[in-house]
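Asks: Okay, so here is start09.cif, and as you'll see once you scroll down, it has mmCIF, C-alpha atoms.
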```cif
data_work
loop_
_atom_site.group_PDB
_atom_site.id
_atom_site.type_symbol
_atom_site.label_atom_id
_atom_site.label_comp_id
_atom_site.auth_asym_id
_atom_site.auth_seq_id
_atom_site.Cartn_x
_atom_site.Cartn_y
_atom_site.Cartn_z
ATOM 1 C CA MET J 1 -9.605 53.054 273.178
ATOM 2 C CA LYS J 2 -11.707 50.466 274.997
ATOM 3 C CA VAL J 3 -10.405 49.021 278.285
ATOM 4 C CA LYS J 4 -10.684 45.236 278.311
ATOM 5 C CA GLN J 5 -10.655 44.683 282.067
ATOM 6 C CA SER J 6 -12.980 46.015 284.748
ATOM 7 C CA LEU J 7 -11.912 49.306 286.284
ATOM 8 C CA PHE J 8 -12.087 49.001 290.071
ATOM 9 C CA LEU J 9 -12.619 52.370 291.696
ATOM 10 C CA GLU J 10 -11.290 53.646 295.004
ATOM 11 C CA CYS J 11 -14.864 53.753 296.359
ATOM 12 C CA GLY J 12 -15.172 49.965 295.945
ATOM 13 C CA GLU J 13 -17.360 49.916 292.839
ATOM 14 C CA ALA J 14 -16.311 48.805 289.358
ATOM 15 C CA LEU J 15 -16.911 50.171 285.873
ATOM 16 C CA GLN J 16 -17.270 47.883 282.873
ATOM 17 C CA ASN J 17 -16.461 48.558 279.215
ATOM 18 C CA VAL J 18 -14.594 51.758 280.020
ATOM 19 C CA LYS J 19 -13.544 53.910 277.080
ATOM 20 C CA ILE J 20 -10.621 56.335 276.943
ATOM 21 C CA ARG J 21 -10.573 59.250 274.509
ATOM 22 C CA TYR J 22 -7.085 60.579 273.963
ATOM 23 C CA THR J 23 -5.129 62.690 271.501
ATOM 24 C CA THR J 24 -1.498 62.411 270.452
ATOM 25 C CA TYR J 25 0.717 64.700 268.396
ATOM 26 C CA GLY J 26 4.165 64.029 267.005
ATOM 27 C CA LYS J 27 6.077 60.768 267.148
ATOM 28 C CA LEU J 28 7.862 58.834 269.855
ATOM 29 C CA ASN J 29 11.567 58.864 269.093
ATOM 30 C CA LYS J 30 13.672 55.704 268.823
ATOM 31 C CA THR J 31 14.876 55.961 272.416
ATOM 32 C CA LYS J 32 11.324 56.716 273.662
ATOM 33 C CA THR J 33 12.582 59.731 275.603
ATOM 34 C CA ASN J 34 10.461 62.570 274.198
ATOM 35 C CA ALA J 35 7.011 61.829 275.644
ATOM 36 C CA VAL J 36 5.107 64.781 277.123
ATOM 37 C CA TRP J 37 1.865 64.100 278.995
ATOM 38 C CA VAL J 38 -0.540 67.029 279.232
ATOM 39 C CA PHE J 39 -3.307 66.874 281.865
ATOM 40 C CA HIS J 40 -6.422 68.929 281.269
ATOM 41 C CA ALA J 41 -8.545 70.768 283.823
ATOM 42 C CA LEU J 42 -12.210 70.441 284.804
ATOM 43 C CA THR J 43 -14.172 71.194 281.619
ATOM 44 C CA ALA J 44 -11.449 70.848 278.965
ATOM 45 C CA ASN J 45 -10.852 67.928 276.609
ATOM 46 C CA SER J 46 -8.059 65.820 275.125
ATOM 47 C CA ASN J 47 -7.019 68.480 272.596
ATOM 48 C CA PRO J 48 -4.596 70.854 274.347
ATOM 49 C CA MET J 49 -3.898 72.742 271.121
ATOM 50 C CA GLU J 50 -7.497 73.949 271.426
ATOM 51 C CA TRP J 51 -7.519 75.081 275.059
ATOM 52 C CA TRP J 52 -3.802 75.828 275.702
ATOM 53 C CA PRO J 53 -2.663 77.882 272.710
ATOM 54 C CA GLY J 54 0.793 79.303 273.098
ATOM 55 C CA ILE J 55 1.916 76.370 275.240
ATOM 56 C CA VAL J 56 1.078 73.347 273.063
ATOM 57 C CA GLY J 57 1.319 73.471 269.269
ATOM 58 C CA GLU J 58 3.497 74.331 266.301
ATOM 59 C CA GLY J 59 6.285 76.671 267.356
ATOM 60 C CA CYS J 60 5.356 76.447 271.056
ATOM 61 C CA VAL J 61 7.440 75.196 273.963
ATOM 62 C CA ILE J 62 5.567 71.873 273.730
ATOM 63 C CA ASN J 63 5.486 71.072 270.034
ATOM 64 C CA PRO J 64 4.958 67.994 267.852
ATOM 65 C CA GLN J 65 8.267 68.489 266.012
ATOM 66 C CA ASP J 66 10.224 67.673 269.170
ATOM 67 C CA HIS J 67 7.777 65.878 271.425
ATOM 68 C CA PHE J 68 5.340 62.988 271.424
ATOM 69 C CA ILE J 69 2.429 64.713 273.132
ATOM 70 C CA ILE J 70 -0.328 62.763 274.869
ATOM 71 C CA CYS J 71 -3.484 64.149 276.452
ATOM 72 C CA ALA J 72 -6.244 61.860 277.722
ATOM 73 C CA ASN J 73 -9.780 62.963 278.522
ATOM 74 C CA MET J 74 -10.305 62.332 282.229
ATOM 75 C CA LEU J 75 -12.621 59.684 283.645
ATOM 76 C CA GLY J 76 -16.078 61.128 284.320
ATOM 77 C CA SER J 77 -15.909 63.753 281.579
ATOM 78 C CA CYS J 78 -18.295 64.076 278.637
ATOM 79 C CA TYR J 79 -15.737 64.277 275.832
ATOM 80 C CA GLY J 80 -15.344 60.617 274.942
ATOM 81 C CA THR J 81 -13.950 58.903 278.032
ATOM 82 C CA THR J 82 -16.530 57.017 280.095
ATOM 83 C CA GLY J 83 -18.649 59.421 282.119
ATOM 84 C CA PRO J 84 -22.063 59.695 283.760
ATOM 85 C CA SER J 85 -25.474 59.867 282.133
ATOM 86 C CA ASN J 86 -27.151 60.554 285.492
ATOM 87 C CA ARG J 87 -26.312 61.203 289.157
ATOM 88 C CA GLN J 88 -26.078 57.471 289.918
ATOM 89 C CA PHE J 89 -22.539 57.293 288.529
ATOM 90 C CA PRO J 90 -20.074 55.981 291.147
ATOM 91 C CA LEU J 91 -17.823 58.335 293.079
ATOM 92 C CA VAL J 92 -14.677 58.907 291.029
ATOM 93 C CA THR J 93 -11.444 60.165 292.583
ATOM 94 C CA ILE J 94 -8.257 61.662 291.202
ATOM 95 C CA LYS J 95 -6.585 58.330 291.922
ATOM 96 C CA ASP J 96 -9.149 56.582 289.693
ATOM 97 C CA MET J 97 -8.353 59.006 286.876
ATOM 98 C CA VAL J 98 -4.677 58.178 287.229
ATOM 99 C CA LYS J 99 -5.477 54.457 287.105
ATOM 100 C CA LEU J 100 -7.006 55.012 283.681
ATOM 101 C CA HIS J 101 -3.933 56.974 282.547
ATOM 102 C CA GLN J 102 -1.791 54.040 283.704
ATOM 103 C CA ILE J 103 -3.773 51.675 281.499
ATOM 104 C CA LEU J 104 -3.304 53.993 278.529
ATOM 105 C CA ILE J 105 0.437 54.426 278.976
ATOM 106 C CA LYS J 106 0.915 50.655 278.907
ATOM 107 C CA GLU J 107 -1.108 50.467 275.709
ATOM 108 C CA LEU J 108 1.136 53.151 274.184
ATOM 109 C CA GLY J 109 4.281 51.280 275.222
ATOM 110 C CA ILE J 110 5.812 54.207 277.091
ATOM 111 C CA THR J 111 7.953 53.539 280.168
ATOM 112 C CA LYS J 112 9.308 57.035 280.782
ATOM 113 C CA ILE J 113 7.715 60.479 280.460
ATOM 114 C CA HIS J 114 10.079 63.364 279.765
ATOM 115 C CA LEU J 115 7.645 65.987 281.039
ATOM 116 C CA GLY J 116 4.235 65.985 282.697
ATOM 117 C CA LEU J 117 2.369 69.267 282.954
ATOM 118 C CA GLY J 118 -1.077 70.480 283.894
ATOM 119 C CA GLY J 119 -2.919 73.131 285.837
ATOM 120 C CA SER J 120 -5.724 73.055 288.395
ATOM 121 C CA MET J 121 -7.405 69.631 288.284
ATOM 122 C CA GLY J 122 -4.841 68.610 285.677
ATOM 123 C CA GLY J 123 -2.099 69.396 288.164
ATOM 124 C CA GLN J 124 -3.868 67.293 290.779
ATOM 125 C CA GLN J 125 -3.754 64.271 288.453
ATOM 126 C CA LEU J 126 -0.097 64.909 287.658
ATOM 127 C CA LEU J 127 0.899 65.061 291.329
ATOM 128 C CA GLU J 128 -1.080 61.929 292.213
ATOM 129 C CA TRP J 129 0.607 59.973 289.429
ATOM 130 C CA ALA J 130 4.077 61.311 290.257
ATOM 131 C CA VAL J 131 3.583 60.227 293.876
ATOM 132 C CA GLN J 132 2.393 56.771 292.890
ATOM 133 C CA GLU J 133 5.217 56.177 290.390
ATOM 134 C CA PRO J 134 8.124 58.341 291.568
ATOM 135 C CA GLU J 135 10.464 57.359 288.717
ATOM 136 C CA LEU J 136 8.031 57.657 285.803
ATOM 137 C CA PHE J 137 8.374 61.394 285.126
ATOM 138 C CA GLU J 138 11.767 62.929 284.492
ATOM 139 C CA ASN J 139 10.270 66.402 284.903
ATOM 140 C CA ILE J 140 6.934 67.743 286.100
ATOM 141 C CA ALA J 141 5.343 71.181 285.933
ATOM 142 C CA PRO J 142 2.199 71.376 288.085
ATOM 143 C CA MET J 143 0.508 74.792 287.928
ATOM 144 C CA ALA J 144 -2.160 76.579 289.968
ATOM 145 C CA THR J 145 -2.902 73.363 291.821
ATOM 146 C CA ASN J 146 -2.605 71.792 295.266
ATOM 147 C CA ALA J 147 -1.612 68.637 297.112
ATOM 148 C CA VAL J 148 -4.944 68.397 298.914
ATOM 149 C CA HIS J 149 -8.106 70.239 297.952
ATOM 150 C CA SER J 150 -8.808 73.051 300.392
ATOM 151 C CA PRO J 151 -11.986 73.671 302.421
ATOM 152 C CA TRP J 152 -12.299 76.901 300.397
ATOM 153 C CA GLY J 153 -12.220 74.991 297.109
ATOM 154 C CA ILE J 154 -14.626 72.347 298.413
ATOM 155 C CA ALA J 155 -17.025 75.080 299.529
ATOM 156 C CA PHE J 156 -17.066 76.609 296.040
ATOM 157 C CA ASN J 157 -17.712 73.178 294.521
ATOM 158 C CA GLU J 158 -20.479 72.430 297.005
ATOM 159 C CA ALA J 159 -22.185 75.738 296.164
ATOM 160 C CA GLN J 160 -22.082 74.740 292.503
ATOM 161 C CA ARG J 161 -23.544 71.298 293.232
ATOM 162 C CA MET J 162 -26.318 72.934 295.254
ATOM 163 C CA ALA J 163 -27.214 74.906 292.130
ATOM 164 C CA LEU J 164 -27.185 71.713 290.058
ATOM 165 C CA GLU J 165 -29.375 69.886 292.579
ATOM 166 C CA ASN J 166 -31.957 72.616 293.077
ATOM 167 C CA ILE J 167 -32.347 74.118 289.606
ATOM 168 C CA ASP J 168 -33.293 72.364 286.362
ATOM 169 C CA PRO J 169 -30.217 70.789 284.698
ATOM 170 C CA SER J 170 -29.543 73.420 282.027
ATOM 171 C CA LYS J 171 -30.079 76.470 284.232
ATOM 172 C CA GLY J 172 -28.363 74.699 287.117
ATOM 173 C CA LEU J 173 -25.227 74.258 285.055
ATOM 174 C CA GLU J 174 -25.323 77.927 284.078
ATOM 175 C CA ALA J 175 -25.626 78.956 287.733
ATOM 176 C CA ALA J 176 -22.823 76.578 288.741
ATOM 177 C CA ARG J 177 -20.554 78.058 286.089
ATOM 178 C CA ALA J 178 -21.336 81.579 287.279
ATOM 179 C CA ILE J 179 -20.296 80.610 290.814
ATOM 180 C CA ALA J 180 -17.135 79.010 289.458
ATOM 181 C CA MET J 181 -16.195 82.106 287.464
ATOM 182 C CA LEU J 182 -16.096 84.111 290.695
ATOM 183 C CA SER J 183 -13.370 81.771 291.924
ATOM 184 C CA TYR J 184 -11.524 81.478 288.604
ATOM 185 C CA ARG J 185 -11.097 85.210 288.187
ATOM 186 C CA HIS J 186 -10.184 88.049 290.547
ATOM 187 C CA TYR J 187 -11.632 91.350 291.740
ATOM 188 C CA ASN J 188 -9.305 93.172 289.356
ATOM 189 C CA THR J 189 -10.450 91.043 286.418
ATOM 190 C CA PHE J 190 -14.017 92.243 286.773
ATOM 191 C CA GLN J 191 -12.951 95.773 287.652
ATOM 192 C CA ASN J 192 -10.774 96.054 284.546
ATOM 193 C CA THR J 193 -13.097 94.368 282.060
ATOM 194 C CA GLN J 194 -16.689 94.692 283.319
ATOM 195 C CA GLU J 195 -16.924 98.120 284.951
ATOM 196 C CA ASP J 196 -19.815 100.268 283.699
ATOM 197 C CA VAL J 197 -19.060 103.983 283.426
ATOM 198 C CA ASP J 198 -22.408 105.179 282.108
ATOM 199 C CA HIS J 199 -24.175 105.300 285.504
ATOM 200 C CA ARG J 200 -26.683 102.600 284.523
ATOM 201 C CA TRP J 201 -28.951 101.078 287.211
ATOM 202 C CA GLU J 202 -29.465 97.610 285.652
ATOM 203 C CA ASP J 203 -28.237 95.346 282.834
ATOM 204 C CA PHE J 204 -24.726 95.495 284.234
ATOM 205 C CA SER J 205 -21.796 94.214 282.186
ATOM 206 C CA ALA J 206 -20.687 91.904 285.002
ATOM 207 C CA SER J 207 -24.155 90.323 285.048
ATOM 208 C CA SER J 208 -24.133 89.840 281.278
ATOM 209 C CA TYR J 209 -20.656 88.323 281.452
ATOM 210 C CA LEU J 210 -21.679 85.665 283.972
ATOM 211 C CA ASN J 211 -24.819 84.820 282.012
ATOM 212 C CA TYR J 212 -22.747 84.516 278.842
ATOM 213 C CA GLN J 213 -20.203 82.196 280.499
ATOM 214 C CA GLY J 214 -22.983 80.034 281.944
ATOM 215 C CA GLU J 215 -24.758 79.704 278.606
ATOM 216 C CA LYS J 216 -21.513 78.951 276.791
ATOM 217 C CA LEU J 217 -20.700 76.050 279.129
ATOM 218 C CA ARG J 218 -24.260 74.692 278.999
ATOM 219 C CA LYS J 219 -23.964 74.364 275.233
ATOM 220 C CA ARG J 220 -20.794 72.273 275.394
ATOM 221 C CA PHE J 221 -20.770 70.372 278.685
ATOM 222 C CA SER J 222 -22.805 67.903 280.718
ATOM 223 C CA ALA J 223 -24.351 68.810 284.071
ATOM 224 C CA ASP J 224 -23.848 65.222 285.267
ATOM 225 C CA SER J 225 -20.147 65.289 284.342
ATOM 226 C CA TYR J 226 -19.748 68.657 286.043
ATOM 227 C CA TYR J 227 -21.276 67.211 289.214
ATOM 228 C CA THR J 228 -19.094 64.080 289.076
ATOM 229 C CA LEU J 229 -15.859 65.931 288.359
ATOM 230 C CA SER J 230 -16.407 68.530 291.073
ATOM 231 C CA LYS J 231 -16.707 65.710 293.614
ATOM 232 C CA ALA J 232 -13.560 64.122 292.198
ATOM 233 C CA MET J 233 -11.684 67.383 292.691
ATOM 234 C CA ASP J 234 -12.842 67.514 296.304
ATOM 235 C CA SER J 235 -11.433 64.000 296.839
ATOM 236 C CA HIS J 236 -7.902 65.068 295.975
ATOM 237 C CA ASN J 237 -5.362 64.307 298.704
ATOM 238 C CA VAL J 238 -1.978 62.897 297.693
ATOM 239 C CA GLY J 239 -1.272 61.960 301.302
ATOM 240 C CA ARG J 240 -4.343 59.764 301.805
ATOM 241 C CA HIS J 241 -2.384 56.508 301.461
ATOM 242 C CA TYR J 242 1.037 57.747 302.599
ATOM 243 C CA GLY J 243 0.464 59.158 306.073
ATOM 244 C CA SER J 244 0.706 62.838 305.118
ATOM 245 C CA ILE J 245 0.936 65.059 302.082
ATOM 246 C CA GLN J 246 4.527 65.876 303.041
ATOM 247 C CA ALA J 247 5.484 62.190 303.044
ATOM 248 C CA ALA J 248 3.720 61.675 299.726
ATOM 249 C CA LEU J 249 5.410 64.604 297.974
ATOM 250 C CA LYS J 250 8.826 63.565 299.244
ATOM 251 C CA ARG J 251 8.419 60.350 297.218
ATOM 252 C CA ILE J 252 8.604 62.290 293.942
ATOM 253 C CA GLN J 253 11.986 61.934 292.227
ATOM 254 C CA SER J 254 11.192 64.129 289.226
ATOM 255 C CA LYS J 255 12.724 67.527 288.784
ATOM 256 C CA ALA J 256 9.810 69.897 289.360
ATOM 257 C CA LEU J 257 8.858 73.408 288.335
ATOM 258 C CA VAL J 258 5.826 74.430 290.387
ATOM 259 C CA ILE J 259 4.042 77.508 289.069
ATOM 260 C CA GLY J 260 1.610 79.763 290.914
ATOM 261 C CA VAL J 261 -0.460 82.763 289.853
ATOM 262 C CA ASP J 262 -0.171 85.824 292.085
ATOM 263 C CA SER J 263 -3.901 86.701 291.830
ATOM 264 C CA ASP J 264 -5.271 83.152 292.189
ATOM 265 C CA ILE J 265 -7.860 83.060 294.992
ATOM 266 C CA LEU J 266 -9.009 79.470 294.337
ATOM 267 C CA PHE J 267 -5.567 77.815 294.411
ATOM 268 C CA PRO J 268 -3.534 80.576 296.091
ATOM 269 C CA PRO J 269 0.250 80.568 295.577
ATOM 270 C CA HIS J 270 1.015 79.330 299.079
ATOM 271 C CA GLU J 271 -0.439 75.966 298.007
ATOM 272 C CA GLN J 272 2.118 75.706 295.203
ATOM 273 C CA GLU J 273 4.897 76.877 297.520
ATOM 274 C CA LEU J 274 4.030 73.997 299.867
ATOM 275 C CA ILE J 275 4.342 71.552 296.971
ATOM 276 C CA ALA J 276 7.695 72.987 295.897
ATOM 277 C CA ASN J 277 9.002 72.950 299.460
ATOM 278 C CA GLU J 278 8.215 69.255 299.913
ATOM 279 C CA ILE J 279 9.308 67.800 296.562
ATOM 280 C CA PRO J 280 13.055 67.138 296.953
ATOM 281 C CA ASN J 281 14.153 68.640 293.616
ATOM 282 C CA ALA J 282 11.661 71.429 293.015
ATOM 283 C CA THR J 283 11.593 75.128 292.195
ATOM 284 C CA PHE J 284 8.701 77.517 292.744
ATOM 285 C CA ALA J 285 7.915 80.274 290.260
ATOM 286 C CA GLN J 286 5.108 82.808 290.299
ATOM 287 C CA ILE J 287 3.560 84.567 287.321
ATOM 288 C CA THR J 288 1.708 87.873 287.383
ATOM 289 C CA SER J 289 -1.845 88.039 286.065
ATOM 290 C CA ASN J 290 -5.055 90.014 286.377
ATOM 291 C CA TYR J 291 -7.000 86.846 285.515
ATOM 292 C CA GLY J 292 -6.764 84.986 288.810
ATOM 293 C CA HIS J 293 -6.825 81.193 288.634
ATOM 294 C CA ASP J 294 -7.373 81.308 284.870
ATOM 295 C CA GLY J 295 -3.970 82.947 284.573
ATOM 296 C CA PHE J 296 -2.396 79.536 283.952
ATOM 297 C CA LEU J 297 -4.478 79.330 280.750
ATOM 298 C CA VAL J 298 -4.200 82.980 279.732
ATOM 299 C CA GLU J 299 -0.589 83.927 280.455
ATOM 300 C CA ALA J 300 1.058 81.673 277.853
ATOM 301 C CA PRO J 301 4.098 83.932 277.229
ATOM 302 C CA GLN J 302 5.093 83.930 280.915
ATOM 303 C CA ILE J 303 4.494 80.210 281.401
ATOM 304 C CA GLY J 304 6.140 79.335 278.102
ATOM 305 C CA GLN J 305 9.284 81.222 279.063
ATOM 306 C CA LEU J 306 9.432 79.495 282.447
ATOM 307 C CA LEU J 307 9.041 76.087 280.794
ATOM 308 C CA LYS J 308 11.711 76.862 278.193
ATOM 309 C CA GLU J 309 14.212 77.808 280.891
ATOM 310 C CA PHE J 310 13.260 74.778 282.968
ATOM 311 C CA LEU J 311 13.689 72.336 280.082
ATOM 312 C CA ARG J 312 16.890 74.027 278.882
ATOM 313 C CA GLU J 313 18.514 73.085 282.188
ATOM 314 C CA GLN J 314 17.842 69.374 281.686
#
```
Output the file's structure in the form of structure tokens.
Replies:
Amino acid sequence: MKVKQSLFLECGEALQNVKIRYTTYGKLNKTKTNAVWVFHALTANSNPMEWWPGIVGEGCVINPQDHFIICANMLGSCYGTTGPSNRQFPLVTIKDMVKLHQILIKELGITKIHLGLGGSMGGQQLLEWAVQEPELFENIAPMATNAVHSPWGIAFNEAQRMALENIDPSKGLEAARAIAMLSYRHYNTFQNTQEDVDHRWEDFSASSYLNYQGEKLRKRFSADSYYTLSKAMDSHNVGRHYGSIQAALKRIQSKALVIGVDSDILFPPHEQELIANEIPNATFAQITSNYGHDGFLVEAPQIGQLLKEFLREQ
């Protein structure tokens, strides 16, 4: 989809000829009450059946037989929506991403969303939109996310940008991904999956794993988009225009299920508990995982069960 008007960004600059890449599954029912908006995280795309198996798809809790599913590639990404071709791209914020979603929803003719869900950076977009338009979402399920990005999270992102700035683009992206993996996973993840028991003195499994993850991302993602999106994540603060994050979250009228991962060191569970405590009609739930932050992507059975119970109560 091509946006006809200029897109004015929070930083004061404007983008022209903006494109939105999005995917839909299923059909909107006659009463237009079955829309589900899925928000993707940092390096994912607009196809949640690809990156969220067990949650979105045939026979899953979010399925095209019952729901009209929408997922839009975020502004600044490299998967079809307008993004950077160099480091001169304007500063994009989470609010700017939501502005693009708001253009798309009007084009689709949807006035009410039955459920919005997303983890990490996807959860940041969901919360920002739910604060801006308190009556739009009937239900929301933000996962492994926060209301304002933490100094800890910003520090990890800055370390990754330092790698991108000081190493050639391809190797820089690999190094940035390796740094990120340390925050996405947990001590136990590496201990359980990468421990060497043969008394070797080099060529460690943990080293090979990080190199593999870095190379895999380099082959499918853009270093410039990674740089742009990491800065956008750092910008996240739902309270910026409302006095405080507490005041902003209290605006949300949706029924909320806020999910945390017990081993998440990047978005620790206390950040989700804060969200649940401030949204008027919210419940906090915690899943168990050895995969740290990535638990929201890996632990589909636990999350699916929580979502089923949540939606059954509606």
Asks: Report as CSV: every residue of region 160-251 of chain J with an atom at most 12 Å from region 53-75 of chain J, its closest pair of atoms, and their distance in Å to one decimal, counting all atoms listed in the file, with rows sorted by chain and ascending residue number.
Replies:
```
residue,atom,partner,partner_atom,distance
J:Ser225,CA,J:Leu75,CA,9.4
J:Tyr226,CA,J:Leu75,CA,11.7
J:Thr228,CA,J:Leu75,CA,9.5
J:Leu229,CA,J:Leu75,CA,8.5
J:Ala232,CA,J:Leu75,CA,9.7
J:Met233,CA,J:Met74,CA,11.7
```
Asks: With the PyMOL selection byres ((chain J and resi 92-102) around 7) as the selection, what would be picked from this file? Answer as a PDB file with C-alpha atoms, in the frame of the given file, please.
Replies:
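Saved result, part-v1.pdb, follows:
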```
ATOM      1  CA  LEU J   9     -12.619  52.370 291.696  1.00  0.00           C
ATOM      2  CA  GLU J  10     -11.290  53.646 295.004  1.00  0.00           C
ATOM      3  CA  MET J  74     -10.305  62.332 282.229  1.00  0.00           C
ATOM      4  CA  LEU J  75     -12.621  59.684 283.645  1.00  0.00           C
ATOM      5  CA  PRO J  90     -20.074  55.981 291.147  1.00  0.00           C
ATOM      6  CA  LEU J  91     -17.823  58.335 293.079  1.00  0.00           C
ATOM      7  CA  ILE J 103      -3.773  51.675 281.499  1.00  0.00           C
ATOM      8  CA  LEU J 104      -3.304  53.993 278.529  1.00  0.00           C
ATOM      9  CA  ILE J 105       0.437  54.426 278.976  1.00  0.00           C
ATOM     10  CA  LYS J 106       0.915  50.655 278.907  1.00  0.00           C
ATOM     11  CA  GLN J 125      -3.754  64.271 288.453  1.00  0.00           C
ATOM     12  CA  GLU J 128      -1.080  61.929 292.213  1.00  0.00           C
ATOM     13  CA  TRP J 129       0.607  59.973 289.429  1.00  0.00           C
ATOM     14  CA  ALA J 232     -13.560  64.122 292.198  1.00  0.00           C
ATOM     15  CA  MET J 233     -11.684  67.383 292.691  1.00  0.00           C
ATOM     16  CA  SER J 235     -11.433  64.000 296.839  1.00  0.00           C
ATOM     17  CA  HIS J 236      -7.902  65.068 295.975  1.00  0.00           C
TER      18      HIS J 236
END
```
Asks: Can you spell out as a short mmCIF file (atom, residue, chain, number, x, y, z; two decimals) with C-alpha atoms, in the coordinates of the input the set of residues that the PyMOL selection byres ((chain J and resi 282) around 12) selects in the structure I just provided?
Replies:
```
data_model
loop_
_atom_site.label_atom_id
_atom_site.label_comp_id
_atom_site.auth_asym_id
_atom_site.auth_seq_id
_atom_site.Cartn_x
_atom_site.Cartn_y
_atom_site.Cartn_z
CA ASN J 139 10.27 66.40 284.90
CA ILE J 140 6.93 67.74 286.10
CA ALA J 141 5.34 71.18 285.93
CA PRO J 142 2.20 71.38 288.08
CA LEU J 249 5.41 64.60 297.97
CA LYS J 250 8.83 63.56 299.24
CA ILE J 252 8.60 62.29 293.94
CA GLN J 253 11.99 61.93 292.23
CA SER J 254 11.19 64.13 289.23
CA LYS J 255 12.72 67.53 288.78
CA ALA J 256 9.81 69.90 289.36
CA LEU J 257 8.86 73.41 288.33
CA VAL J 258 5.83 74.43 290.39
CA ILE J 259 4.04 77.51 289.07
CA GLN J 272 2.12 75.71 295.20
CA GLU J 273 4.90 76.88 297.52
CA LEU J 274 4.03 74.00 299.87
CA ILE J 275 4.34 71.55 296.97
CA ALA J 276 7.70 72.99 295.90
CA ASN J 277 9.00 72.95 299.46
CA GLU J 278 8.22 69.26 299.91
CA ILE J 279 9.31 67.80 296.56
CA PRO J 280 13.06 67.14 296.95
CA ASN J 281 14.15 68.64 293.62
CA THR J 283 11.59 75.13 292.20
CA PHE J 284 8.70 77.52 292.74
CA ALA J 285 7.92 80.27 290.26
CA PHE J 310 13.26 74.78 282.97
#
```
Asks: Please report the interatomic distance between CA of Ile113 (chain J) and CA of Lys4 (chain J) in Å with one decimal.
Replies: 24.0 Å
Asks: Go through the shown structure with the PyMOL selection byres ((chain J and resi 181) around 12) and write out the matching residues as an mmCIF file with C-alpha atoms, in the frame of the given file.
Replies:
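Ended up saving to part-v8.cif:
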```
data_model
loop_
_atom_site.group_PDB
_atom_site.id
_atom_site.type_symbol
_atom_site.label_atom_id
_atom_site.label_comp_id
_atom_site.auth_asym_id
_atom_site.auth_seq_id
_atom_site.Cartn_x
_atom_site.Cartn_y
_atom_site.Cartn_z
ATOM 1 C CA PHE J 156 -17.066 76.609 296.040
ATOM 2 C CA ASN J 157 -17.712 73.178 294.521
ATOM 3 C CA GLN J 160 -22.082 74.740 292.503
ATOM 4 C CA GLU J 174 -25.323 77.927 284.078
ATOM 5 C CA ALA J 175 -25.626 78.956 287.733
ATOM 6 C CA ALA J 176 -22.823 76.578 288.741
ATOM 7 C CA ARG J 177 -20.554 78.058 286.089
ATOM 8 C CA ALA J 178 -21.336 81.579 287.279
ATOM 9 C CA ILE J 179 -20.296 80.610 290.814
ATOM 10 C CA ALA J 180 -17.135 79.010 289.458
ATOM 11 C CA LEU J 182 -16.096 84.111 290.695
ATOM 12 C CA SER J 183 -13.370 81.771 291.924
ATOM 13 C CA TYR J 184 -11.524 81.478 288.604
ATOM 14 C CA ARG J 185 -11.097 85.210 288.187
ATOM 15 C CA HIS J 186 -10.184 88.049 290.547
ATOM 16 C CA TYR J 187 -11.632 91.350 291.740
ATOM 17 C CA THR J 189 -10.450 91.043 286.418
ATOM 18 C CA PHE J 190 -14.017 92.243 286.773
ATOM 19 C CA ALA J 206 -20.687 91.904 285.002
ATOM 20 C CA SER J 207 -24.155 90.323 285.048
ATOM 21 C CA TYR J 209 -20.656 88.323 281.452
ATOM 22 C CA LEU J 210 -21.679 85.665 283.972
ATOM 23 C CA ASN J 211 -24.819 84.820 282.012
ATOM 24 C CA TYR J 212 -22.747 84.516 278.842
ATOM 25 C CA GLN J 213 -20.203 82.196 280.499
ATOM 26 C CA GLY J 214 -22.983 80.034 281.944
ATOM 27 C CA LEU J 217 -20.700 76.050 279.129
ATOM 28 C CA ASP J 264 -5.271 83.152 292.189
ATOM 29 C CA ILE J 265 -7.860 83.060 294.992
ATOM 30 C CA LEU J 266 -9.009 79.470 294.337
ATOM 31 C CA TYR J 291 -7.000 86.846 285.515
ATOM 32 C CA GLY J 292 -6.764 84.986 288.810
ATOM 33 C CA HIS J 293 -6.825 81.193 288.634
ATOM 34 C CA ASP J 294 -7.373 81.308 284.870
#
```
Asks: Would you please work out which residue, of J:Asn34, J:Ser170, J:Ser150, J:Gln194, is nearest to Lys219 (chain J) when using all atoms listed in the file?
Replies: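 Ranked by minimum distance to Lys219 (chain J), first place goes to J:Ser170.
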Asks: Could you tell me how far CA of Gly118 (chain J) sits from CA of Leu164 (chain J), in Å to one decimal place?
Replies: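 Answer for the CA of Leu164 (chain J) to CA of Gly118 (chain J) separation: 26.9 Å.
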Asks: In Å, how far is it from CA of Cys78 (chain J) to CA of Ser230 (chain J)?
Replies: 13.3 Å
Asks: Name the closest residue to Ile154 (chain J) among the candidates J:Gln191, J:Gln132, J:Asp196, J:Phe267; distances are taken between atoms, counting all atoms listed in the file.
Replies: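 Between J:Gln191, J:Gln132, J:Asp196, J:Phe267, the residue approaching Ile154 (chain J) most closely is J:Phe267.
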Asks: May I have the residues within 7 Å of Pro84 (chain J) as a compact mmCIF listing (two decimals) with C-alpha atoms, in the frame of the given file, using all atoms listed in the file and disregarding those fewer than 5 positions away in the same chain?
Replies:
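Done, and the output landed in selection.txt:
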```txt
# COMPACT_ATOMS: atom_id res chain seq x y z
CA GLY J 76 -16.08 61.13 284.32
CA PHE J 89 -22.54 57.29 288.53
CA ASP J 224 -23.85 65.22 285.27
CA SER J 225 -20.15 65.29 284.34
```
Asks: Compile the contact shell of Thr111 (chain J) as a PyMOL selection string: residues with an atom at most 10 Å away, counting all atoms listed in the file, same-chain residues fewer than 4 positions apart removed.
Replies: chain J and resi 32-33+35+105-106+135-137
